[in-house]
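Engineer: Take a look at upload-v4.txt, compact mmCIF, C-alpha atoms:
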```txt
# COMPACT_ATOMS: atom_id res chain seq x y z
CA MET N 151 166.20 191.84 -32.21
CA HIS N 152 166.13 195.46 -31.08
CA ALA N 153 168.58 198.01 -32.43
CA ARG N 154 169.24 201.52 -31.28
CA PRO N 155 168.32 204.14 -33.89
CA PRO N 156 170.92 206.88 -34.56
CA ARG N 157 170.41 209.90 -32.29
CA ALA N 158 170.49 212.35 -35.22
CA VAL N 159 167.72 210.45 -37.04
CA GLN N 160 165.65 210.33 -33.85
CA ALA N 161 166.06 214.09 -33.40
CA ILE N 162 164.97 214.79 -36.99
CA VAL N 163 161.93 212.48 -36.70
CA ALA N 164 161.01 214.13 -33.36
CA LEU N 165 160.89 217.54 -35.07
CA PHE N 166 158.12 216.36 -37.39
CA ILE N 167 155.92 214.66 -34.78
CA PRO N 168 153.39 216.99 -33.07
CA PHE N 169 154.26 217.67 -29.42
CA ALA N 170 151.07 216.06 -28.04
CA CYS N 171 151.96 212.56 -29.30
CA ARG N 172 155.77 212.81 -29.64
CA GLU N 173 156.59 210.79 -26.52
CA GLU N 174 154.57 207.65 -27.31
CA VAL N 175 155.18 207.64 -31.07
CA LEU N 176 158.97 207.93 -30.68
CA GLY N 177 158.85 205.24 -27.98
CA ASP N 178 156.87 202.91 -30.26
CA PHE N 179 159.34 203.52 -33.12
CA GLN N 180 162.26 202.68 -30.84
CA GLU N 181 160.58 199.53 -29.51
CA ARG N 182 159.93 198.30 -33.07
CA CYS N 183 163.38 199.28 -34.31
CA THR N 184 165.36 196.36 -35.78
CA SER N 185 167.70 198.44 -37.96
CA PRO N 186 168.21 202.13 -38.79
CA THR N 187 166.68 201.55 -42.26
CA GLN N 188 163.55 199.98 -40.76
CA TYR N 189 163.33 202.89 -38.27
CA CYS N 190 163.42 205.43 -41.12
CA ARG N 191 160.84 203.44 -43.14
CA ASP N 192 158.53 203.29 -40.11
CA ALA N 193 158.92 207.04 -39.55
CA ILE N 194 158.31 207.98 -43.20
CA VAL N 195 155.16 205.82 -43.45
CA THR N 196 153.72 206.83 -40.07
CA VAL N 197 154.55 210.49 -39.40
CA LEU N 198 152.33 211.98 -42.14
CA LEU N 199 149.29 210.08 -40.80
CA VAL N 200 150.11 211.18 -37.24
CA ILE N 201 150.25 214.84 -38.38
CA LEU N 202 146.97 214.54 -40.32
CA SER N 203 145.25 212.90 -37.35
CA ARG N 204 146.51 215.66 -35.07
CA ILE N 205 145.25 218.33 -37.51
CA ARG N 206 141.82 216.62 -37.57
CA ARG N 207 141.73 216.80 -33.76
CA THR N 208 142.87 220.39 -33.36
CA ALA N 209 141.31 222.13 -36.39
CA ASN N 210 137.90 223.70 -35.90
CA PRO N 211 136.20 223.99 -39.35
CA GLN N 212 133.90 226.88 -38.35
CA LEU N 213 136.78 228.84 -36.87
CA LEU N 214 138.93 228.15 -39.93
CA LEU N 215 136.15 229.42 -42.17
CA MET N 216 135.93 232.62 -40.11
CA HIS N 217 139.73 233.01 -40.35
CA ALA N 218 139.64 232.47 -44.12
CA PHE N 219 136.92 235.11 -44.43
CA VAL N 220 138.71 237.79 -42.35
CA LEU N 221 142.05 237.08 -44.05
CA TYR N 222 140.59 237.41 -47.53
CA LEU N 223 138.73 240.55 -46.44
CA SER N 224 141.98 242.03 -45.05
CA PHE N 225 143.90 241.60 -48.31
CA TYR N 226 140.86 242.64 -50.39
CA GLY N 227 140.48 245.78 -48.24
CA ALA N 228 144.17 246.61 -48.56
CA ALA N 229 144.02 246.16 -52.35
CA TRP N 230 140.85 248.26 -52.61
CA PHE N 231 142.47 251.01 -50.53
CA LYS N 232 145.94 251.03 -52.17
CA THR N 233 145.57 249.63 -55.73
CA PRO N 234 141.90 249.22 -56.76
CA GLU N 235 142.86 248.40 -60.38
CA LEU N 236 144.36 245.10 -59.12
CA LEU N 237 140.83 243.89 -58.30
CA TYR N 238 139.83 244.10 -61.98
CA GLY N 239 143.12 242.78 -63.39
CA SER N 240 143.67 239.20 -64.58
CA TRP N 241 143.53 236.73 -61.65
CA GLY N 242 143.40 239.75 -59.29
CA LEU N 243 140.90 238.23 -56.84
CA MET N 244 142.67 234.87 -57.02
CA ARG N 245 146.07 236.43 -56.23
CA LEU N 246 144.55 238.02 -53.11
CA ALA N 247 143.59 234.54 -51.83
CA ILE N 248 147.19 233.20 -51.85
CA PRO N 249 148.52 235.05 -48.76
CA GLY N 250 145.34 234.18 -46.85
CA ALA N 251 145.72 230.49 -47.72
CA ILE N 252 149.36 230.53 -46.57
CA THR N 253 148.41 232.19 -43.26
CA LEU N 254 145.62 229.63 -42.79
CA LEU N 255 148.09 226.78 -43.33
CA ALA N 256 150.39 228.32 -40.70
CA LEU N 257 147.49 228.56 -38.23
CA VAL N 258 146.48 224.92 -38.77
CA LEU N 259 150.06 223.66 -38.33
CA GLU N 260 150.68 225.87 -35.31
CA ASP N 261 147.61 224.42 -33.58
CA ALA N 262 148.62 220.85 -34.49
CA TYR N 263 152.16 221.27 -33.11
CA ALA N 264 151.19 223.25 -30.00
CA LYS N 265 151.70 221.96 -26.49
CA PRO N 266 148.26 220.80 -25.21
CA GLY N 267 146.86 222.55 -22.18
CA TYR N 268 149.20 225.53 -22.48
CA ARG N 269 147.24 228.71 -23.23
CA SER N 270 148.40 232.31 -23.23
CA PRO N 271 147.65 235.39 -25.36
CA LEU N 272 151.19 235.18 -26.76
CA ARG N 273 150.69 231.54 -27.73
CA LEU N 274 147.38 232.42 -29.45
CA ALA N 275 149.08 235.21 -31.43
CA ARG N 276 152.02 232.98 -32.43
CA GLY N 277 150.04 231.28 -35.25
CA PRO N 278 148.97 234.54 -36.92
CA LEU N 279 152.55 235.91 -36.51
CA LEU N 280 153.96 232.79 -38.14
CA GLY N 281 151.37 233.15 -40.92
CA PHE N 282 152.38 236.77 -41.50
CA ALA N 283 156.06 235.78 -41.71
CA TRP N 284 155.30 232.94 -44.15
CA THR N 285 153.21 235.34 -46.27
CA LEU N 286 156.10 237.81 -46.52
CA LEU N 287 158.54 235.02 -47.40
CA SER N 288 156.22 233.47 -49.98
CA GLN N 289 155.62 236.86 -51.63
CA ALA N 290 159.38 237.42 -51.81
CA ALA N 291 159.71 233.98 -53.44
CA PHE N 292 156.91 234.79 -55.91
CA GLN N 293 158.60 238.11 -56.78
CA THR N 294 161.73 236.28 -57.86
CA ALA N 295 160.28 233.09 -59.35
CA HIS N 296 156.72 233.87 -60.54
CA SER N 297 156.08 237.62 -60.42
CA SER N 298 152.60 237.32 -62.00
CA LEU N 299 151.38 235.70 -58.74
CA ALA N 300 153.01 238.27 -56.43
CA LEU N 301 151.07 241.15 -54.86
CA PRO N 302 152.38 244.72 -54.49
CA PHE N 303 154.40 245.12 -51.25
CA TRP N 304 152.01 247.61 -49.59
CA ILE N 305 149.03 245.32 -50.08
CA VAL N 306 150.93 242.43 -48.48
CA LEU N 307 152.03 244.65 -45.60
CA TYR N 308 148.67 246.33 -44.88
CA GLY N 309 146.59 243.21 -45.56
CA GLY N 310 148.96 241.05 -43.51
CA ALA N 311 148.95 243.44 -40.56
CA LEU N 312 145.15 243.72 -40.58
CA GLY N 313 144.85 239.94 -40.95
CA LEU N 314 147.26 239.47 -38.04
CA LEU N 315 145.12 241.68 -35.80
CA LEU N 316 141.80 240.13 -36.79
CA THR N 317 142.93 236.48 -36.66
CA SER N 318 144.60 237.04 -33.26
CA ALA N 319 141.36 238.57 -31.95
CA LEU N 320 139.33 235.65 -33.36
CA ARG N 321 141.66 233.11 -31.76
CA MET N 322 141.40 234.84 -28.39
CA LEU N 323 137.60 234.96 -28.63
CA PHE N 324 136.95 231.44 -29.98
CA SER N 325 139.85 229.31 -28.79
CA PRO N 326 138.85 225.61 -28.71
CA PRO N 327 138.73 224.15 -25.18
CA SER N 328 140.84 221.22 -24.09
CA THR N 329 138.83 217.97 -24.25
CA SER N 330 141.37 215.18 -23.78
CA PRO N 331 144.99 214.73 -22.79
CA GLN N 332 145.90 214.69 -26.47
CA GLY N 333 143.06 217.01 -27.47
CA PRO N 334 143.06 220.59 -28.76
CA ILE N 335 144.85 223.44 -26.98
CA MET U 84 122.21 205.39 -21.69
CA ALA U 85 124.32 206.84 -24.53
CA LYS U 86 124.15 204.91 -27.79
CA PRO U 87 127.49 204.27 -29.51
CA ASP U 88 128.10 205.49 -33.09
CA SER U 89 128.24 202.74 -35.67
CA ILE U 90 131.81 201.58 -36.13
CA GLY U 91 133.67 200.39 -39.21
CA GLN U 92 135.47 197.08 -39.69
CA PHE U 93 138.91 198.51 -38.94
CA GLU U 94 137.62 200.15 -35.78
CA GLN U 95 136.18 196.77 -34.73
CA LEU U 96 139.62 195.21 -35.21
CA VAL U 97 141.30 197.90 -33.09
CA LEU U 98 138.68 197.62 -30.33
CA THR U 99 139.09 193.81 -30.33
CA ALA U 100 142.87 194.22 -30.08
CA ILE U 101 142.49 196.55 -27.08
CA LEU U 102 140.05 194.12 -25.47
CA THR U 103 142.37 191.13 -25.87
CA ARG U 104 145.54 192.97 -24.79
CA ARG U 105 143.86 194.15 -21.56
CA ASP U 106 146.42 196.09 -19.48
CA ASP U 107 149.09 195.88 -22.16
CA ALA U 108 147.25 197.71 -24.96
CA TYR U 109 149.48 200.39 -26.51
CA GLY U 110 150.58 201.34 -30.06
CA VAL U 111 152.98 198.44 -30.77
CA THR U 112 150.93 195.63 -29.16
CA ILE U 113 147.66 196.88 -30.66
CA HIS U 114 149.34 197.02 -34.09
CA SER U 115 150.67 193.45 -33.85
CA LYS U 116 147.27 192.11 -32.69
CA VAL U 117 145.41 193.97 -35.47
CA GLU U 118 147.88 192.57 -38.05
CA GLU U 119 147.16 189.09 -36.67
CA LEU U 120 143.39 189.65 -36.86
CA ALA U 121 143.49 191.23 -40.34
CA SER U 122 145.89 188.60 -41.75
CA PRO U 123 146.87 188.23 -44.59
CA LYS U 124 146.44 192.01 -45.01
CA THR U 125 149.23 194.20 -43.65
CA VAL U 126 148.37 197.22 -41.51
CA SER U 127 150.46 200.36 -41.05
CA LEU U 128 151.22 201.72 -37.59
CA GLY U 129 149.99 205.15 -38.76
CA ALA U 130 146.52 203.72 -39.49
CA ILE U 131 146.41 202.40 -35.92
CA TYR U 132 147.25 205.84 -34.47
CA VAL U 133 144.62 207.56 -36.63
CA THR U 134 141.96 205.03 -35.58
CA LEU U 135 142.89 205.22 -31.88
CA ASP U 136 142.57 209.03 -31.99
CA ARG U 137 139.17 208.74 -33.68
CA LEU U 138 137.95 206.12 -31.19
CA GLU U 139 139.08 208.34 -28.31
CA ASP U 140 137.22 211.31 -29.78
CA LYS U 141 134.09 209.16 -30.07
CA GLY U 142 134.45 208.24 -26.39
CA LEU U 143 134.89 204.50 -27.11
CA VAL U 144 138.37 204.25 -25.60
CA LYS U 145 140.36 206.09 -22.94
CA SER U 146 144.11 206.68 -23.00
CA TRP U 147 146.80 207.54 -20.47
CA LEU U 148 150.59 207.74 -20.39
CA SER U 149 152.38 204.93 -18.53
CA ASP U 150 155.79 205.10 -16.85
CA PRO U 151 158.84 205.37 -19.16
CA THR U 152 160.70 202.11 -19.93
CA PRO U 153 164.38 201.64 -20.91
CA GLU U 154 163.66 199.52 -24.05
CA ARG U 155 161.75 202.51 -25.40
CA GLY U 156 164.66 204.89 -24.79
CA GLY U 157 163.13 206.14 -21.54
CA ARG U 158 159.87 207.10 -23.22
CA ALA U 159 156.36 206.45 -21.94
CA LYS U 160 153.68 204.32 -23.62
CA ARG U 161 150.19 205.61 -24.33
CA CYS U 162 147.99 202.82 -23.00
CA TYR U 163 144.36 202.32 -24.02
CA ARG U 164 141.35 200.67 -22.45
CA LEU U 165 137.76 200.26 -23.62
CA GLU U 166 135.12 202.57 -22.20
CA ALA U 167 131.59 201.27 -21.52
CA LEU U 168 130.49 202.83 -24.83
CA GLY U 169 133.30 201.00 -26.66
CA GLU U 170 132.36 197.67 -25.09
CA ARG U 171 128.75 198.18 -26.17
CA ALA U 172 129.79 199.12 -29.72
CA LEU U 173 131.94 195.98 -29.95
CA GLU U 174 129.13 193.85 -28.56
CA GLU U 175 126.71 195.22 -31.18
CA SER U 176 129.27 194.52 -33.93
CA ALA U 177 129.70 190.93 -32.68
CA VAL U 178 125.92 190.40 -32.67
CA THR U 179 125.67 191.78 -36.22
CA ALA U 180 128.56 189.56 -37.37
CA LYS U 181 126.80 186.54 -35.83
CA ARG U 182 123.58 187.41 -37.69
CA ILE U 183 125.53 187.71 -40.97
CA TRP U 184 127.16 184.33 -40.30
CA ASP U 185 123.80 182.68 -39.50
CA GLY U 186 122.25 184.18 -42.65
CA ILE U 187 125.05 182.84 -44.83
CA VAL U 188 124.92 179.39 -43.24
CA GLU U 189 121.15 179.29 -43.74
CA VAL U 190 121.51 179.83 -47.50
CA TRP U 191 124.84 178.15 -48.32
CA GLY U 192 124.41 175.26 -45.88
CA LYS U 193 126.52 173.31 -43.41
CA GLU U 194 128.74 171.93 -46.19
CA TRP U 195 130.00 175.42 -46.97
CA VAL U 196 130.88 175.89 -43.28
CA ARG U 197 132.89 172.63 -43.38
CA ASP U 198 134.73 173.68 -46.56
CA MET U 199 135.48 177.10 -45.14
CA SER U 200 136.76 175.62 -41.88
CA LYS U 201 139.09 173.33 -43.86
CA GLU U 202 140.36 176.24 -45.97
CA TRP U 203 140.95 178.44 -42.91
CA GLY U 204 142.71 175.55 -41.18
CA LYS U 205 145.03 175.12 -44.18
CA ARG U 206 145.68 178.86 -44.37
CA LEU U 207 146.45 179.12 -40.66
CA GLY U 208 148.70 176.06 -40.92
CA ARG U 209 150.60 177.62 -43.82
CA GLU U 210 151.04 180.88 -41.87
CA ALA U 211 152.20 179.02 -38.75
CA GLY U 212 154.57 176.84 -40.82
```
Written as structure tokens, that's how I'd like the structure from this file.
Structural biologist:
Amino acid sequence: MHARPPRAVQAIVALFIPFACREEVLGDFQERCTSPTQYCRDAIVTVLLVILSRIRRTANPQLLLMHAFVLYLSFYGAAWFKTPELLYGSWGLMRLAIPGAITLLALVLEDAYAKPGYRSPLRLARGPLLGFAWTLLSQAAFQTAHSSLALPFWIVLYGGALGLLLTSALRMLFSPPSTSPQGPI
Amino acid sequence: MAKPDSIGQFEQLVLTAILTRRDDAYGVTIHSKVEELASPKTVSLGAIYVTLDRLEDKGLVKSWLSDPTPERGGRAKRCYRLEALGERALEESAVTAKRIWDGIVEVWGKEWVRDMSKEWGKRLGREAG
């Protein structure tokens, strides 16, 4: 027996499913739906795998490695320029990797959730911009909760801005081509 | 002629499900057929999506969006069909499975085949009952 899932639940589930496969996955959930509880269980068990599969399809390991390198270099350069003593302090080099890792995560998720086939310079810069915003937010959170992991504000600002420029340029130069209807950007 | 990559057991199940469902192969029907083939193991719908994506990337299957239907809330289905490479990969798997079967029968004998057939018959009867 089919049941209609609540609209609010459907809307929340839709937010988590990458755009490229949202239509068919939501349709399959609705077709299998026998009760709202079963719908939620289906969504919880399935959505994470759908996201991971989408990331596997859209992420380019070589490009990610290049992004990781330029991001780390940006924050290292900013630290070397503004506060060189940070480089020799305890966990100094490790702390510089945190904002880069957060930006990288934003780039991966932005690619996974992007609309396939739609390409524009603004769309390519959206991932790095999102990464920069997440970096600022995470550093603010570290300042209040775990200040030993936080970086000085000027390093975050200079490193983030340089990283934003370099990653945007890399994405414009080496954007992955579209290979299938569900494939990368 | 392109040679297909070797495929795993779960991929074989998904390809078989697509083959048997013909024009009606999409997420839900493929999942129910794979559950039937893999019985008594249960299979998650997420595992089916991951495998279908991988098979499409390998060029073994092709997908397209069908027209929206009301029972799916006006949403389309993503239908799948086997590509020539997928058919060849499945054929190779079937030939290998046949060789394994023949090898086992050669060593364990016809009696083992009879016992196994009885056991499978009982199991299938229990599931149907």
Engineer: Counting only C-alpha atoms, which residue out of U:Ala172, U:Ala159, U:Ile90, U:Ala100 sits closest to chain N?
Structural biologist: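 Distance minimum relative to chain N lands on U:Ala159.
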Engineer: For chain N, which residue among U:Leu138, U:Ala130, U:Leu168, U:Ile183 is the nearest when counting all atoms listed in the file?
Structural biologist: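 That would be U:Ala130, the residue with the smallest distance to chain N.
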Engineer: Would you kindly identify which residues have an atom no farther than 12 Å from (142.4, 248.8, -54.1), using only C-alpha atoms and the file's own coordinates, and write them out as a CSV table (one decimal) with C-alpha atoms, keeping the file's coordinate frame?
Structural biologist:
```
chain,number,residue,atom,x,y,z
N,223,LEU,CA,138.7,240.6,-46.4
N,224,SER,CA,142.0,242.0,-45.0
N,225,PHE,CA,143.9,241.6,-48.3
N,226,TYR,CA,140.9,242.6,-50.4
N,227,GLY,CA,140.5,245.8,-48.2
N,228,ALA,CA,144.2,246.6,-48.6
N,229,ALA,CA,144.0,246.2,-52.4
N,230,TRP,CA,140.8,248.3,-52.6
N,231,PHE,CA,142.5,251.0,-50.5
N,232,LYS,CA,145.9,251.0,-52.2
N,233,THR,CA,145.6,249.6,-55.7
N,234,PRO,CA,141.9,249.2,-56.8
N,235,GLU,CA,142.9,248.4,-60.4
N,236,LEU,CA,144.4,245.1,-59.1
N,237,LEU,CA,140.8,243.9,-58.3
N,238,TYR,CA,139.8,244.1,-62.0
N,239,GLY,CA,143.1,242.8,-63.4
N,242,GLY,CA,143.4,239.8,-59.3
N,243,LEU,CA,140.9,238.2,-56.8
N,246,LEU,CA,144.6,238.0,-53.1
N,301,LEU,CA,151.1,241.2,-54.9
N,302,PRO,CA,152.4,244.7,-54.5
N,304,TRP,CA,152.0,247.6,-49.6
N,305,ILE,CA,149.0,245.3,-50.1
N,308,TYR,CA,148.7,246.3,-44.9
N,309,GLY,CA,146.6,243.2,-45.6
```
Engineer: Could you give me, as CSV, a per-residue list for chain N showing, wherever an atom lies at most 6 Å from an atom of chain U, the closest pair of atoms and their distance in Å to one decimal, using all atoms listed in the file and sorting by chain then residue number from low to high?
Structural biologist:
```
residue,atom,partner,partner_atom,distance
N:Glu173,CA,U:Arg158,CA,5.9
N:Glu174,CA,U:Lys160,CA,5.0
N:Gly177,CA,U:Arg155,CA,4.7
N:Asp178,CA,U:Val111,CA,5.9
N:Gln180,CA,U:Arg155,CA,5.5
N:Glu181,CA,U:Arg155,CA,5.2
N:Thr196,CA,U:Gly129,CA,4.3
N:Leu199,CA,U:Gly129,CA,5.4
N:Ser203,CA,U:Val133,CA,5.4
```
Engineer: Tell me which protein, DNA and RNA residues are within 10 Å of stretch 103-106 of chain U, counting only C-alpha atoms, leaving out same-chain ones fewer than 2 positions away, and put them as a PyMOL selection string.
Structural biologist: chain U and resi 97-101+108-109+112-113+116+162-165
Engineer: Write out as a ChimeraX atom specification which residues come within 9 Å of U:Ala167 when counting all atoms listed in the file, dropping same-chain ones fewer than 6 positions away.
Structural biologist: /U:142-144
Engineer: Within 12 Å of stretch 205-218 of chain N, which residues of stretch 154-198 of chain N show up? Give each one with its shortest atom-to-atom distance in Å (one decimal) and the two atoms involved, counting only C-alpha atoms, rows by chain then rising residue number, as CSV.
Structural biologist:
```
residue,atom,partner,partner_atom,distance
N:Ile167,CA,N:Ile205,CA,11.6
N:Pro168,CA,N:Ile205,CA,9.4
N:Ala170,CA,N:Thr208,CA,10.7
N:Cys171,CA,N:Arg207,CA,11.9
N:Leu198,CA,N:Ile205,CA,10.6
```
Engineer: Give me, as a tab-separated table (two decimals) with C-alpha atoms, in the coordinates of the input, all polymer residues having an atom no more than 10 Å from N:Leu316, counting only C-alpha atoms and skipping those fewer than 5 positions away in the same chain.
Structural biologist:
```tsv
chain	number	residue	atom	x	y	z
N	217	HIS	CA	139.73	233.01	-40.35
N	220	VAL	CA	138.71	237.79	-42.35
N	221	LEU	CA	142.05	237.08	-44.05
N	224	SER	CA	141.98	242.03	-45.05
N	278	PRO	CA	148.97	234.54	-36.92
N	310	GLY	CA	148.96	241.05	-43.51
N	311	ALA	CA	148.95	243.44	-40.56
N	321	ARG	CA	141.66	233.11	-31.76
N	322	MET	CA	141.40	234.84	-28.39
```
Engineer: Please provide the set of residues having any atom within 10 Å of N:Pro156, restricted to only C-alpha atoms, with same-chain residues fewer than 2 positions apart removed, written as a VMD selection string.
Structural biologist: chain N and resid 153 to 154 158 to 161 185 to 186 189
Engineer: Using only C-alpha atoms, which of U:Lys201, U:Arg206, U:Lys181, U:His114 sits nearest U:Val126?
Structural biologist: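 So, comparing all the options, the nearest one is U:His114.
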